[in-house]
Structure formats: C-alpha cells, structure tokens
file run_34.csv (CSV, C-alpha atoms)
chain,number,residue,atom,x,y,z
A,286,MET,CA,-11.9,41.7,79.6
A,287,THR,CA,-10.3,44.8,77.9
A,288,GLY,CA,-7.6,45.4,75.4
A,289,ALA,CA,-5.9,43.2,72.9
A,290,MET,CA,-4.2,40.1,74.3
A,291,GLN,CA,-0.4,40.0,74.0
A,292,THR,CA,2.1,37.2,74.6
A,293,PHE,CA,5.7,37.3,75.9
A,294,ARG,CA,7.7,38.2,72.8
A,295,VAL,CA,11.1,36.5,72.4
A,296,SER,CA,13.7,38.4,70.5
A,297,PRO,CA,17.3,37.1,69.7
A,298,PHE,CA,20.1,38.7,71.6
A,299,ASN,CA,22.5,39.5,68.8
A,300,PRO,CA,25.2,42.0,69.7
A,301,PRO,CA,27.2,43.5,66.9
A,302,PRO,CA,30.7,42.3,65.9
A,303,SER,CA,32.2,45.2,67.9
A,304,ALA,CA,31.1,43.3,71.0
A,305,LEU,CA,33.6,40.5,70.3
A,306,GLY,CA,36.1,40.5,73.2
A,307,LEU,CA,34.0,43.0,75.3
A,308,ARG,CA,33.5,40.5,78.2
A,309,GLU,CA,37.2,40.0,78.4
A,310,ASP,CA,37.8,43.8,78.3
A,311,ILE,CA,35.4,44.6,81.1
A,312,ARG,CA,36.6,41.6,83.2
A,313,ALA,CA,40.2,43.0,82.9
A,314,PHE,CA,38.9,46.4,83.9
A,315,ILE,CA,37.2,45.0,87.0
A,316,LYS,CA,40.3,43.1,88.0
A,317,GLN,CA,42.4,46.2,87.8
A,318,HIS,CA,40.0,48.8,89.3
A,319,MET,CA,37.6,47.1,91.6
A,320,PRO,CA,38.2,48.3,95.2
A,321,PRO,CA,38.6,45.7,98.0
A,322,THR,CA,35.1,44.7,99.1
A,323,GLU,CA,33.6,42.6,101.8
A,324,ALA,CA,31.3,39.7,100.9
A,325,PRO,CA,28.0,41.6,101.8
A,326,GLN,CA,29.0,44.5,99.5
A,327,ARG,CA,29.1,42.1,96.5
A,328,ALA,CA,25.4,41.3,97.0
A,329,ASN,CA,22.8,43.8,95.7
A,330,CYS,CA,25.9,45.7,94.5
A,331,TRP,CA,23.9,48.1,92.3
A,332,ALA,CA,22.9,49.7,95.5
A,333,VAL,CA,26.5,49.9,96.7
A,334,GLY,CA,28.3,53.1,95.6
A,335,ASN,CA,32.0,54.0,95.2
A,336,ARG,CA,32.8,57.4,93.6
A,337,GLU,CA,36.3,56.4,92.5
A,338,PHE,CA,35.1,53.3,90.8
A,339,SER,CA,32.3,55.1,89.0
A,340,GLN,CA,34.7,57.7,87.8
A,341,ALA,CA,37.1,55.0,86.6
A,342,LEU,CA,34.2,53.4,84.7
A,343,GLY,CA,33.5,56.8,83.2
A,344,ARG,CA,37.0,57.3,82.0
A,345,ALA,CA,37.0,53.9,80.4
A,346,GLY,CA,33.8,54.6,78.5
A,347,TYR,CA,31.5,52.3,80.4
A,348,ILE,CA,28.9,54.9,81.4
A,349,GLY,CA,26.7,56.5,78.8
A,350,MET,CA,27.8,53.8,76.4
A,351,ILE,CA,25.0,54.2,73.9
A,352,TRP,CA,24.7,58.0,74.0
A,353,PRO,CA,26.0,60.3,71.2
A,354,LYS,CA,29.6,61.3,71.5
A,355,GLN,CA,28.7,65.0,71.5
A,356,TYR,CA,27.2,64.5,74.9
A,357,GLY,CA,30.1,62.5,76.4
A,358,GLY,CA,28.7,59.2,75.2
A,359,HIS,CA,30.4,56.5,73.2
A,360,GLU,CA,27.8,55.4,70.6
A,361,ARG,CA,28.1,51.7,71.5
A,362,HIS,CA,25.3,49.2,70.8
A,363,PRO,CA,22.7,48.8,73.6
A,364,LEU,CA,23.4,45.1,73.8
A,365,GLU,CA,27.1,45.9,74.4
A,366,ARG,CA,25.9,47.9,77.4
A,367,TYR,CA,23.9,44.9,78.6
A,368,ILE,CA,27.1,42.8,78.5
A,369,VAL,CA,29.0,45.3,80.6
A,370,LEU,CA,26.2,45.6,83.2
A,371,GLU,CA,26.0,41.8,83.5
A,372,GLU,CA,29.7,41.4,84.1
A,373,LEU,CA,29.8,44.2,86.6
A,374,LEU,CA,26.9,42.7,88.6
A,375,ALA,CA,28.4,39.2,88.4
A,376,ALA,CA,31.6,40.5,89.9
A,377,GLY,CA,29.7,42.3,92.7
A,378,ALA,CA,31.2,45.7,91.6
A,379,PRO,CA,30.1,48.8,93.5
A,380,VAL,CA,28.1,50.5,90.7
A,381,GLY,CA,25.4,52.1,92.8
A,382,MET,CA,26.7,55.6,92.7
A,383,HIS,CA,26.0,56.1,89.0
A,384,TRP,CA,23.5,53.3,88.3
A,385,ILE,CA,20.3,55.4,88.2
A,386,ALA,CA,21.9,58.3,86.3
A,387,ASP,CA,23.2,55.9,83.6
A,388,ARG,CA,20.0,53.8,83.5
A,389,GLN,CA,17.3,56.4,83.7
A,390,THR,CA,18.3,60.0,84.2
A,391,GLY,CA,20.6,60.2,81.2
A,392,PRO,CA,18.2,58.4,78.8
A,393,LEU,CA,15.3,60.5,79.9
A,394,ILE,CA,17.2,63.7,79.2
A,395,LEU,CA,18.5,62.4,75.9
A,396,ARG,CA,15.0,61.4,74.7
A,397,PHE,CA,12.9,64.2,76.1
A,398,GLY,CA,15.3,67.0,77.3
A,399,THR,CA,16.3,70.2,75.7
A,400,GLU,CA,19.6,70.7,74.0
A,401,GLU,CA,20.8,72.9,76.9
A,402,GLN,CA,19.8,70.1,79.4
A,403,ARG,CA,21.7,67.5,77.3
A,404,THR,CA,24.9,69.5,77.1
A,405,ARG,CA,24.7,70.6,80.7
A,406,PHE,CA,24.1,67.2,82.4
A,407,LEU,CA,25.0,64.3,80.1
A,408,PRO,CA,28.8,64.7,79.9
A,409,ARG,CA,29.0,64.8,83.7
A,410,ILE,CA,26.9,61.7,84.1
A,411,ALA,CA,29.0,59.9,81.4
A,412,ALA,CA,32.1,60.9,83.3
A,413,GLY,CA,30.8,59.2,86.5
A,414,GLU,CA,30.7,62.6,88.3
A,415,LEU,CA,27.0,63.5,88.5
A,416,TYR,CA,24.6,61.0,90.1
A,417,GLY,CA,20.8,60.8,89.9
A,418,CYS,CA,17.7,59.7,91.7
A,419,ILE,CA,14.1,59.3,90.8
A,420,GLY,CA,11.4,61.2,92.8
A,421,MET,CA,8.2,59.3,92.2
A,422,SER,CA,6.8,57.8,95.3
A,423,GLU,CA,5.1,59.9,98.0
A,424,PRO,CA,3.6,59.1,101.4
A,425,SER,CA,0.4,57.3,101.0
A,426,THR,CA,0.8,56.7,97.3
A,427,GLY,CA,3.3,53.8,97.2
A,428,SER,CA,3.6,52.4,93.7
A,429,ASP,CA,0.4,54.0,92.5
A,430,LEU,CA,2.2,56.8,90.6
A,431,ALA,CA,-1.1,58.2,89.2
A,432,SER,CA,-1.8,59.3,92.8
A,433,VAL,CA,1.1,61.7,92.9
A,434,ARG,CA,-0.2,64.8,94.7
A,435,ILE,CA,2.7,67.3,95.1
A,436,ARG,CA,1.9,70.3,92.9
A,437,ALA,CA,4.3,72.4,90.9
A,438,ILE,CA,2.7,75.9,90.9
A,439,PRO,CA,3.6,78.4,88.2
A,440,ASP,CA,5.6,81.3,89.5
A,441,GLY,CA,7.0,83.8,87.0
A,442,ASP,CA,9.5,82.0,84.8
A,443,GLY,CA,9.5,78.8,86.9
A,444,TRP,CA,7.6,76.7,89.4
A,445,ARG,CA,7.2,76.6,93.2
A,446,VAL,CA,7.1,73.2,94.9
A,447,SER,CA,6.5,72.1,98.5
A,448,GLY,CA,6.0,68.5,99.7
A,449,GLN,CA,7.7,65.2,100.3
A,450,LYS,CA,9.0,62.3,98.2
A,451,VAL,CA,9.8,59.0,99.9
A,452,TRP,CA,11.8,55.7,99.2
A,453,THR,CA,14.1,57.8,97.0
A,454,THR,CA,17.1,55.6,96.3
A,455,ASN,CA,20.5,57.3,96.2
A,456,ALA,CA,19.2,60.8,96.9
A,457,HIS,CA,21.9,61.2,99.6
A,458,ASN,CA,24.6,60.9,96.9
A,459,ALA,CA,22.7,62.4,93.9
A,460,GLY,CA,23.0,65.9,92.6
A,461,LEU,CA,20.0,65.6,90.3
A,462,MET,CA,16.5,64.3,90.8
A,463,ILE,CA,13.9,63.5,88.1
A,464,ALA,CA,10.7,64.5,90.0
A,465,LEU,CA,7.2,63.6,88.9
A,466,LEU,CA,4.9,66.4,89.9
A,467,ARG,CA,1.4,67.5,89.3
A,468,THR,CA,1.1,70.5,87.1
A,469,GLY,CA,-2.6,70.4,86.3
A,470,GLU,CA,-6.0,69.0,87.3
A,471,PRO,CA,-6.2,65.4,86.1
A,472,GLY,CA,-8.9,64.8,83.5
A,473,GLY,CA,-8.0,61.2,84.0
A,474,ARG,CA,-5.7,59.4,86.5
A,475,HIS,CA,-2.7,59.7,84.2
A,476,GLU,CA,-3.1,63.3,83.2
A,477,GLY,CA,-1.8,66.5,84.7
A,478,LEU,CA,1.7,65.1,85.5
A,479,SER,CA,5.1,66.5,84.5
A,480,GLN,CA,8.7,65.7,85.1
A,481,PHE,CA,11.3,68.2,86.4
A,482,LEU,CA,15.0,68.2,86.9
A,483,VAL,CA,15.6,69.2,90.5
A,484,ASP,CA,19.0,70.4,91.9
A,485,LEU,CA,19.4,68.5,95.1
A,486,THR,CA,22.0,70.9,96.3
A,487,ASP,CA,19.4,73.7,96.6
A,488,PRO,CA,19.0,74.9,100.2
A,489,ALA,CA,15.2,74.4,99.8
A,490,VAL,CA,15.8,70.6,99.5
A,491,THR,CA,16.3,68.4,102.5
A,492,VAL,CA,17.3,64.7,102.3
A,493,ARG,CA,16.8,62.5,105.3
A,494,PRO,CA,18.0,58.9,105.4
A,495,ILE,CA,15.8,55.8,105.8
A,496,ILE,CA,17.9,53.1,107.4
A,497,ASP,CA,16.9,49.5,106.7
A,498,LEU,CA,16.9,46.5,109.1
A,499,ALA,CA,20.4,45.6,108.1
A,500,GLY,CA,21.7,49.1,108.9
A,501,GLY,CA,21.9,50.0,105.2
A,502,HIS,CA,21.2,53.4,103.7
A,503,ASP,CA,19.7,53.1,100.2
A,504,PHE,CA,16.4,54.9,100.6
A,505,ASN,CA,15.6,58.5,101.6
A,506,GLU,CA,12.9,61.0,102.3
A,507,VAL,CA,13.2,64.2,100.3
A,508,PHE,CA,11.5,67.4,101.3
A,509,PHE,CA,10.8,70.4,99.2
A,510,ASP,CA,10.3,73.6,101.2
A,511,ASP,CA,9.0,76.3,98.8
A,512,LEU,CA,11.5,75.1,96.2
A,513,PHE,CA,11.8,77.2,93.0
A,514,ILE,CA,12.4,75.2,89.9
A,515,PRO,CA,13.5,77.3,86.9
A,516,GLY,CA,11.2,76.9,83.9
A,517,ASP,CA,14.0,75.5,81.7
A,518,MET,CA,14.3,72.5,84.1
A,519,ILE,CA,11.0,70.8,83.0
A,520,VAL,CA,11.7,67.7,80.9
A,521,GLY,CA,9.5,67.3,77.9
A,522,SER,CA,6.3,69.2,77.7
A,523,VAL,CA,3.9,70.1,80.5
A,524,GLY,CA,1.4,67.3,81.1
A,525,SER,CA,3.5,64.6,79.4
A,526,GLY,CA,4.9,63.1,82.6
A,527,TRP,CA,3.0,59.9,82.6
A,528,LYS,CA,4.0,58.9,79.1
A,529,GLN,CA,7.6,59.6,79.9
A,530,VAL,CA,7.5,57.7,83.2
A,531,THR,CA,6.2,54.6,81.6
A,532,ALA,CA,9.0,54.7,79.0
A,533,GLU,CA,11.5,54.8,81.9
A,534,LEU,CA,10.0,51.9,83.8
A,535,SER,CA,10.6,49.3,81.0
A,536,LEU,CA,14.3,50.2,81.4
A,537,GLU,CA,14.2,50.0,85.1
A,538,ARG,CA,12.3,46.7,85.4
A,539,SER,CA,14.0,44.4,82.9
A,540,GLY,CA,17.7,44.7,83.4
A,541,PRO,CA,20.1,42.0,84.8
A,542,GLU,CA,19.9,43.7,88.2
A,543,ARG,CA,16.4,42.2,88.5
A,544,TYR,CA,17.7,38.7,88.9
A,545,MET,CA,21.3,39.1,90.0
A,546,SER,CA,20.9,40.9,93.4
A,547,CYS,CA,21.6,37.6,95.2
A,548,PHE,CA,24.1,36.3,92.7
A,549,ALA,CA,27.0,36.7,95.1
A,550,LEU,CA,25.2,34.3,97.5
A,551,PHE,CA,24.7,31.8,94.8
A,552,LEU,CA,28.4,31.8,93.9
A,553,GLU,CA,29.4,31.5,97.6
A,554,MET,CA,27.0,28.6,98.1
A,555,MET,CA,28.6,26.7,95.2
A,556,ARG,CA,32.1,27.5,96.4
A,557,ARG,CA,31.3,26.2,99.8
A,558,ALA,CA,29.6,23.0,98.3
A,559,GLY,CA,32.8,22.3,96.4
A,560,PRO,CA,33.3,20.0,93.4
A,561,SER,CA,31.4,17.0,94.9
A,562,PRO,CA,28.3,18.3,96.6
A,563,ASP,CA,25.8,15.8,98.1
A,564,ALA,CA,22.6,14.9,96.2
A,565,ALA,CA,20.4,17.5,97.9
A,566,MET,CA,22.9,20.3,97.2
A,567,THR,CA,23.4,19.1,93.6
A,568,GLN,CA,19.6,19.3,93.1
A,569,LEU,CA,19.4,22.8,94.5
A,570,ILE,CA,22.3,24.0,92.4
A,571,GLY,CA,20.6,22.6,89.3
A,572,ARG,CA,17.3,24.2,90.1
A,573,LEU,CA,18.7,27.6,90.8
A,574,SER,CA,21.0,27.4,87.7
A,575,ALA,CA,18.0,26.6,85.5
A,576,GLU,CA,15.9,29.4,86.9
A,577,LEU,CA,18.8,31.9,86.7
A,578,TRP,CA,19.5,30.9,83.1
A,579,THR,CA,15.8,31.2,82.1
A,580,LEU,CA,15.5,34.7,83.7
A,581,ARG,CA,18.7,35.7,81.9
A,582,GLN,CA,17.3,34.7,78.5
A,583,MET,CA,14.1,36.6,79.2
A,584,SER,CA,15.9,39.7,80.3
A,585,MET,CA,18.3,39.5,77.3
A,586,SER,CA,15.3,39.2,75.0
A,587,THR,CA,13.7,42.2,76.6
A,588,ALA,CA,16.9,44.1,76.2
A,589,ALA,CA,16.9,43.2,72.5
A,590,GLN,CA,13.4,44.6,72.1
A,591,LEU,CA,14.5,47.9,73.8
A,592,ALA,CA,17.5,48.0,71.5
A,593,ALA,CA,15.1,47.7,68.5
A,594,GLY,CA,13.2,50.7,69.7
A,595,ASN,CA,10.2,48.8,71.1
A,596,ASP,CA,8.5,49.3,74.5
A,597,PRO,CA,8.2,45.8,76.0
A,598,MET,CA,6.1,46.9,79.0
A,599,LEU,CA,4.6,43.4,79.4
A,600,GLU,CA,7.9,41.6,79.1
A,601,ALA,CA,9.7,44.0,81.5
A,602,ALA,CA,6.9,43.5,84.1
A,603,ILE,CA,7.2,39.7,83.8
A,604,VAL,CA,11.0,39.8,84.1
A,605,LYS,CA,10.8,41.9,87.2
A,606,ASP,CA,8.1,39.9,88.9
A,607,LEU,CA,9.8,36.5,88.2
A,608,GLY,CA,13.2,38.0,89.0
A,609,ASN,CA,12.1,39.3,92.3
A,610,THR,CA,10.5,36.0,93.2
A,611,PHE,CA,13.8,34.3,92.4
A,612,GLU,CA,15.8,36.8,94.4
A,613,GLN,CA,13.6,36.4,97.4
A,614,GLU,CA,13.4,32.6,97.3
A,615,LEU,CA,17.2,32.1,96.9
A,616,PRO,CA,18.3,33.1,100.4
A,617,ARG,CA,15.5,31.0,102.0
A,618,LEU,CA,16.5,28.0,99.9
A,619,VAL,CA,20.2,28.4,100.8
A,620,GLN,CA,19.3,28.7,104.5
A,621,ALA,CA,17.3,25.5,104.3
A,622,ALA,CA,20.1,23.7,102.6
A,623,ALA,CA,22.9,25.0,104.8
A,624,ASP,CA,24.4,23.0,107.6
A,625,ALA,CA,22.3,23.0,110.7
A,626,ASP,CA,25.0,24.6,112.7
A,627,LEU,CA,25.5,27.5,110.3
A,628,ASP,CA,25.7,30.6,112.6
A,629,LEU,CA,24.4,33.7,110.8
A,630,SER,CA,26.4,35.9,113.1
A,631,ALA,CA,29.6,34.1,112.1
A,632,ASN,CA,32.4,36.0,110.4
A,633,GLU,CA,32.4,33.9,107.2
A,634,ASP,CA,31.3,34.9,103.8
A,635,LEU,CA,28.3,32.6,103.4
A,636,ALA,CA,26.9,33.5,106.8
A,637,ARG,CA,27.3,37.2,106.2
A,638,LEU,CA,25.8,37.2,102.8
A,639,LEU,CA,22.9,35.0,103.9
A,640,ALA,CA,22.2,37.2,107.0
A,641,LEU,CA,22.1,40.3,104.9
A,642,LEU,CA,19.9,39.0,102.1
A,643,LEU,CA,17.4,37.4,104.4
A,644,GLN,CA,16.9,40.8,105.9
A,645,ILE,CA,16.8,43.0,102.7
A,646,SER,CA,15.4,40.7,100.0
A,647,PRO,CA,11.8,41.3,101.0
A,648,SER,CA,12.2,44.9,99.8
A,649,PHE,CA,13.3,43.8,96.3
A,650,SER,CA,9.7,43.4,95.2
A,651,LEU,CA,8.9,47.0,96.2
A,652,ARG,CA,11.5,48.9,94.2
A,653,GLY,CA,10.5,49.7,90.6
A,654,GLY,CA,6.9,48.8,91.3
A,655,THR,CA,5.3,46.4,93.7
A,656,ARG,CA,4.3,42.9,92.8
A,657,GLU,CA,0.6,43.8,92.9
A,658,ILE,CA,1.1,46.7,90.4
A,659,LEU,CA,3.2,44.5,88.1
A,660,ARG,CA,0.7,41.7,88.1
A,661,GLY,CA,-2.0,44.2,87.2
A,662,ILE,CA,0.1,45.4,84.2
A,663,ILE,CA,0.6,41.7,83.2
A,664,ALA,CA,-3.1,40.8,83.5
A,665,ARG,CA,-4.1,43.9,81.5
A,666,ASN,CA,-1.7,43.2,78.7
A,667,LEU,CA,-2.6,39.5,78.6
A,668,GLY,CA,-6.3,40.5,78.2
A,669,LEU,CA,-7.2,38.9,81.6
A,670,ARG,CA,-8.9,42.1,82.9

call {"tool": "encode", "arguments": {"input": "run_34.csv", "output": "structure tokens"}}
result
Amino acid sequence: MTGAMQTFRVSPFNPPPSALGLREDIRAFIKQHMPPTEAPQRANCWAVGNREFSQALGRAGYIGMIWPKQYGGHERHPLERYIVLEELLAAGAPVGMHWIADRQTGPLILRFGTEEQRTRFLPRIAAGELYGCIGMSEPSTGSDLASVRIRAIPDGDGWRVSGQKVWTTNAHNAGLMIALLRTGEPGGRHEGLSQFLVDLTDPAVTVRPIIDLAGGHDFNEVFFDDLFIPGDMIVGSVGSGWKQVTAELSLERSGPERYMSCFALFLEMMRRAGPSPDAAMTQLIGRLSAELWTLRQMSMSTAAQLAAGNDPMLEAAIVKDLGNTFEQELPRLVQAAADADLDLSANEDLARLLALLLQISPSFSLRGGTREILRGIIARNLGLR
C-alpha cells in the first residue's frame, strides 16, 4: 500500500447571489435560439455541434464565462458556469462544436499560456468561433498517456513533428489542437512530455474520420507529416506536459456531461410512461432518479472544489466512473422495461433514442480515461495500492 489514504470530499455547492435567476435566463435563451433537433440529437448532445448555436451562446456570454474580460470572458463565478452547462445538457442543446474549447483549451491557455497566446485565441473561443480538440491518445497507447511516443524534435526556432493521434474528438471541426508530445527522454514515465498548440489548418495536418456503429462522426485520426510547430506555440514550459494534462483531466471527468449523456432517453421514458405508470415502471423511475440525483450532488461537489482552486483528482475519477456506469446501464434498463413489441427501427422518439444509445453508450467509458485507468487512480488515492 502506498500514499496517504483519501476519502471523497463533499463541498457545498453555493453559487453567488449573481446566479439568482440564471436558470431562467439560460432556459429563455435555449427556447429562443435552439435549432430544431431530432430526438437522437438531444442524446449525448455535447458531441453534437451547431456553429450558429455556439456563436449565439458566445454573443450571449455563455462561453468563456469565468475568464477575464480582457480575453473576451465574462468573469462569472465557476458555479454559474456549471448551472448553464447543466441546463444546456438537460435541454439536449447542440453544444459539441465549442465544448472542448470552452472546457479545456481555453482554461489551459489561460493557466499556462503566454500573453500572446491568450490574446490570440481566447477571444475567438469565447465568441464561439474557434473550436478545439485534444491530441492525447496514440495507436497502441490507449488511455496510458505516459506511453505517448510522438516526438517533437527541435528545429531552429520551432519543432518538427511526424506521427499519428487517434480517437481525437471534434478534430474535424476544430481549428486548434492541444497536442501532448514527447520532447525529451523520460527519466520516469511521466517526464519528458510537453503540450503544444497545433494549427489544424496547416497543410501538414491530415484529419480522417472514424465513423462509429451508429454512423456518427465524433472521433478522428490526426496525422502530422513533418509538421513545423513554431516555438511560441508551446504551452507552459518544456517537460511540464504531464502536470498540465492531469490538471485538465479533473475538469474533463467531473462535469454534468458525465451523467447526462442519456438524459434525453430518461425524459422520453417518463413521458411515454405518463402520469400513472405501472408498478415496475414506477420502481425503475425511482431507481434512476435516485442514482441521477446522487451523481448530480457528487458532480456539483466536485465543481465546488474546482471553484475553490483545489484539484479533486479522486473525486473527479469517481464521478466519471460511476457516471459512465449509470449512462451505460440506463439504455439496457429502459430496453428491458419497454413494451415487448417495441421496434427499435420504428420512427418514434423512444425507439430512436434507445437504438442510438444502445450502440454508442459502450464508448462512454473510453472517453476521458478508461474504467481501468480511473479505478487505478481511485485505488491509489484511497491507499488500496
């Protein structure tokens, strides 16, 4: 057994008085601006993109909410941002175009980037005009980020890179990638890594789609063919990549998207059940509601810790693991409870939502770190190994 044992810390979710009325404001915005969407698009909606909607959110001040105003932000409280994200996901709004840039790209640049990087990229992200992706995984490395092998080789005032990233969400829409690359020989597994901002419009970059079983296009392969990265596009210092990546992952793993990807199916199930469901359906609704509420409280608590400047690595890993389990079980439970004659090929909302989520929900425990990686983090922080 190594390391000091931790427990899941619970922090109160106390947004400031300025958050009063925020839920009503964002609901009114959604009602006015949300484009017509089919039922399947309202599930896993943080992977569904719409440029016009993202730009409308940017104009209304709902992207880059917590960033300084000098970089296009709005200096709102982090828990106000959480409220907005929760309402957007509950409505099934198409937020996938800007999601990664707002959640990870912008905060990384704000925390570790240069002043030139902040002024160059953050206002465009906050406006809903520049989208991002994260270049971490490589073939044969999976979620073991310490095994990243692509090397950035010094070349004059910059770096040369050749190689492949894989499972890169939103790369086909993004203009900017945060790439984790090896810049030195590792003295330990987590050393010798650095992060770079990569211009995906460069001719030396090729993005190829990975189409999922449901015909969706979220993931991509990204190839670098002797790509030159200017020296001023490194984020932070050379060799600090691992520390920066782990700071990002707490943001990625603990948000409301980690338990709300199937929320549209839950709502449709209740709508179909009506006001007087039978005993079995009543029991299922009660069970799922209790699990959803518990996950929400855990996620909100983790958000409160992040807002306080802490790094809740353990709590974020637990939220993601339990959230993914909930998201993967929900479609199977709904299928088991549905009428025996429910045709998954039927043109009705419940069937279409269920058919989609039965196919794509197995992938939910891959994005942001596999279940095995997360449970290793949990075990280590609980002092179990």

call {"tool": "closest_residue", "arguments": {"input": "run_34.csv", "among": "A:Leu466, A:Cys330, A:Ala589, A:Val483", "to": "Asp517 (chain A)", "atoms": "only C-alpha atoms"}}
result
A:Val483

call {"tool": "residues_around", "arguments": {"input": "run_34.csv", "residues": "Thr491 (chain A)", "least_positions_apart": "5", "cutoff": "10 Å", "atoms": "only C-alpha atoms", "output": "ChimeraX atom specification"}}
result
/A:449,456-457,485-486,505-510

call {"tool": "write_last_selection", "arguments": {"input": "run_34.csv", "atoms": "C-alpha atoms", "output": "compact mmCIF listing (two decimals), in the frame of the given file"}}
result
# COMPACT_ATOMS: atom_id res chain seq x y z
CA GLN A 449 7.70 65.20 100.30
CA ALA A 456 19.20 60.80 96.90
CA HIS A 457 21.90 61.20 99.60
CA LEU A 485 19.40 68.50 95.10
CA THR A 486 22.00 70.90 96.30
CA ASN A 505 15.60 58.50 101.60
CA GLU A 506 12.90 61.00 102.30
CA VAL A 507 13.20 64.20 100.30
CA PHE A 508 11.50 67.40 101.30
CA PHE A 509 10.80 70.40 99.20
CA ASP A 510 10.30 73.60 101.20

call {"tool": "residues_around", "arguments": {"input": "run_34.csv", "residues": "Val619 (chain A)", "least_positions_apart": "4", "cutoff": "12 Å", "atoms": "all atoms listed in the file", "output": "PyMOL selection string"}}
result
chain A and resi 547-548+550-555+557-558+565-566+568-570+572-573+612-615+623-625+627+635-636+638-640+642-643

call {"tool": "residues_around", "arguments": {"input": "run_34.csv", "residues": "Val604 (chain A)", "least_positions_apart": "5", "cutoff": "8 Å", "atoms": "all atoms listed in the file", "output": "list of chain:residue names"}}
result
A:Arg538, A:Ser539, A:Arg543, A:Leu580, A:Met583, A:Ser584

call {"tool": "closest_residue", "arguments": {"input": "run_34.csv", "among": "A:Gly540, A:Gln291, A:Met421, A:Ser650", "to": "Ile662 (chain A)", "atoms": "only C-alpha atoms"}}
result
A:Gln291

call {"tool": "residues_around", "arguments": {"input": "run_34.csv", "residues": "Phe513 (chain A)", "least_positions_apart": "5", "cutoff": "7 Å", "atoms": "only C-alpha atoms", "output": "list in words"}}
result
Gly443, Trp444, Arg445 and Val446 of chain A

call {"tool": "closest_residue", "arguments": {"input": "run_34.csv", "among": "A:Gly653, A:Ala431, A:Ile514, A:Thr426", "to": "Leu534 (chain A)", "atoms": "all atoms listed in the file"}}
result
A:Gly653

call {"tool": "atom_distance", "arguments": {"input": "run_34.csv", "atom1": "CA of Gly469 (chain A)", "atom2": "CA of Lys450 (chain A)"}}
result
18.5 Å

call {"tool": "closest_residue", "arguments": {"input": "run_34.csv", "among": "A:Ala412, A:Val530, A:Val333, A:Ala345", "to": "Thr454 (chain A)", "atoms": "all atoms listed in the file"}}
result
A:Val333

call {"tool": "residues_around", "arguments": {"input": "run_34.csv", "residues": "Leu364 (chain A)", "least_positions_apart": "4", "cutoff": "12 Å", "atoms": "only C-alpha atoms", "output": "ChimeraX atom specification"}}
result
/A:297-305,307-308,350-351,360,368-371,540-541,584-593

call {"tool": "write_last_selection", "arguments": {"input": "run_34.csv", "atoms": "C-alpha atoms", "output": "PDB file, in the frame of the given file"}}
result
ATOM      1  CA  PRO A 297      17.300  37.100  69.700  1.00  0.00           C
ATOM      2  CA  PHE A 298      20.100  38.700  71.600  1.00  0.00           C
ATOM      3  CA  ASN A 299      22.500  39.500  68.800  1.00  0.00           C
ATOM      4  CA  PRO A 300      25.200  42.000  69.700  1.00  0.00           C
ATOM      5  CA  PRO A 301      27.200  43.500  66.900  1.00  0.00           C
ATOM      6  CA  PRO A 302      30.700  42.300  65.900  1.00  0.00           C
ATOM      7  CA  SER A 303      32.200  45.200  67.900  1.00  0.00           C
ATOM      8  CA  ALA A 304      31.100  43.300  71.000  1.00  0.00           C
ATOM      9  CA  LEU A 305      33.600  40.500  70.300  1.00  0.00           C
ATOM     10  CA  LEU A 307      34.000  43.000  75.300  1.00  0.00           C
ATOM     11  CA  ARG A 308      33.500  40.500  78.200  1.00  0.00           C
ATOM     12  CA  MET A 350      27.800  53.800  76.400  1.00  0.00           C
ATOM     13  CA  ILE A 351      25.000  54.200  73.900  1.00  0.00           C
ATOM     14  CA  GLU A 360      27.800  55.400  70.600  1.00  0.00           C
ATOM     15  CA  ILE A 368      27.100  42.800  78.500  1.00  0.00           C
ATOM     16  CA  VAL A 369      29.000  45.300  80.600  1.00  0.00           C
ATOM     17  CA  LEU A 370      26.200  45.600  83.200  1.00  0.00           C
ATOM     18  CA  GLU A 371      26.000  41.800  83.500  1.00  0.00           C
ATOM     19  CA  GLY A 540      17.700  44.700  83.400  1.00  0.00           C
ATOM     20  CA  PRO A 541      20.100  42.000  84.800  1.00  0.00           C
ATOM     21  CA  SER A 584      15.900  39.700  80.300  1.00  0.00           C
ATOM     22  CA  MET A 585      18.300  39.500  77.300  1.00  0.00           C
ATOM     23  CA  SER A 586      15.300  39.200  75.000  1.00  0.00           C
ATOM     24  CA  THR A 587      13.700  42.200  76.600  1.00  0.00           C
ATOM     25  CA  ALA A 588      16.900  44.100  76.200  1.00  0.00           C
ATOM     26  CA  ALA A 589      16.900  43.200  72.500  1.00  0.00           C
ATOM     27  CA  GLN A 590      13.400  44.600  72.100  1.00  0.00           C
ATOM     28  CA  LEU A 591      14.500  47.900  73.800  1.00  0.00           C
ATOM     29  CA  ALA A 592      17.500  48.000  71.500  1.00  0.00           C
ATOM     30  CA  ALA A 593      15.100  47.700  68.500  1.00  0.00           C
TER      31      ALA A 593
END

call {"tool": "atom_distance", "arguments": {"input": "run_34.csv", "atom1": "CA of His318 (chain A)", "atom2": "CA of Ala386 (chain A)"}}
result
20.7 Å
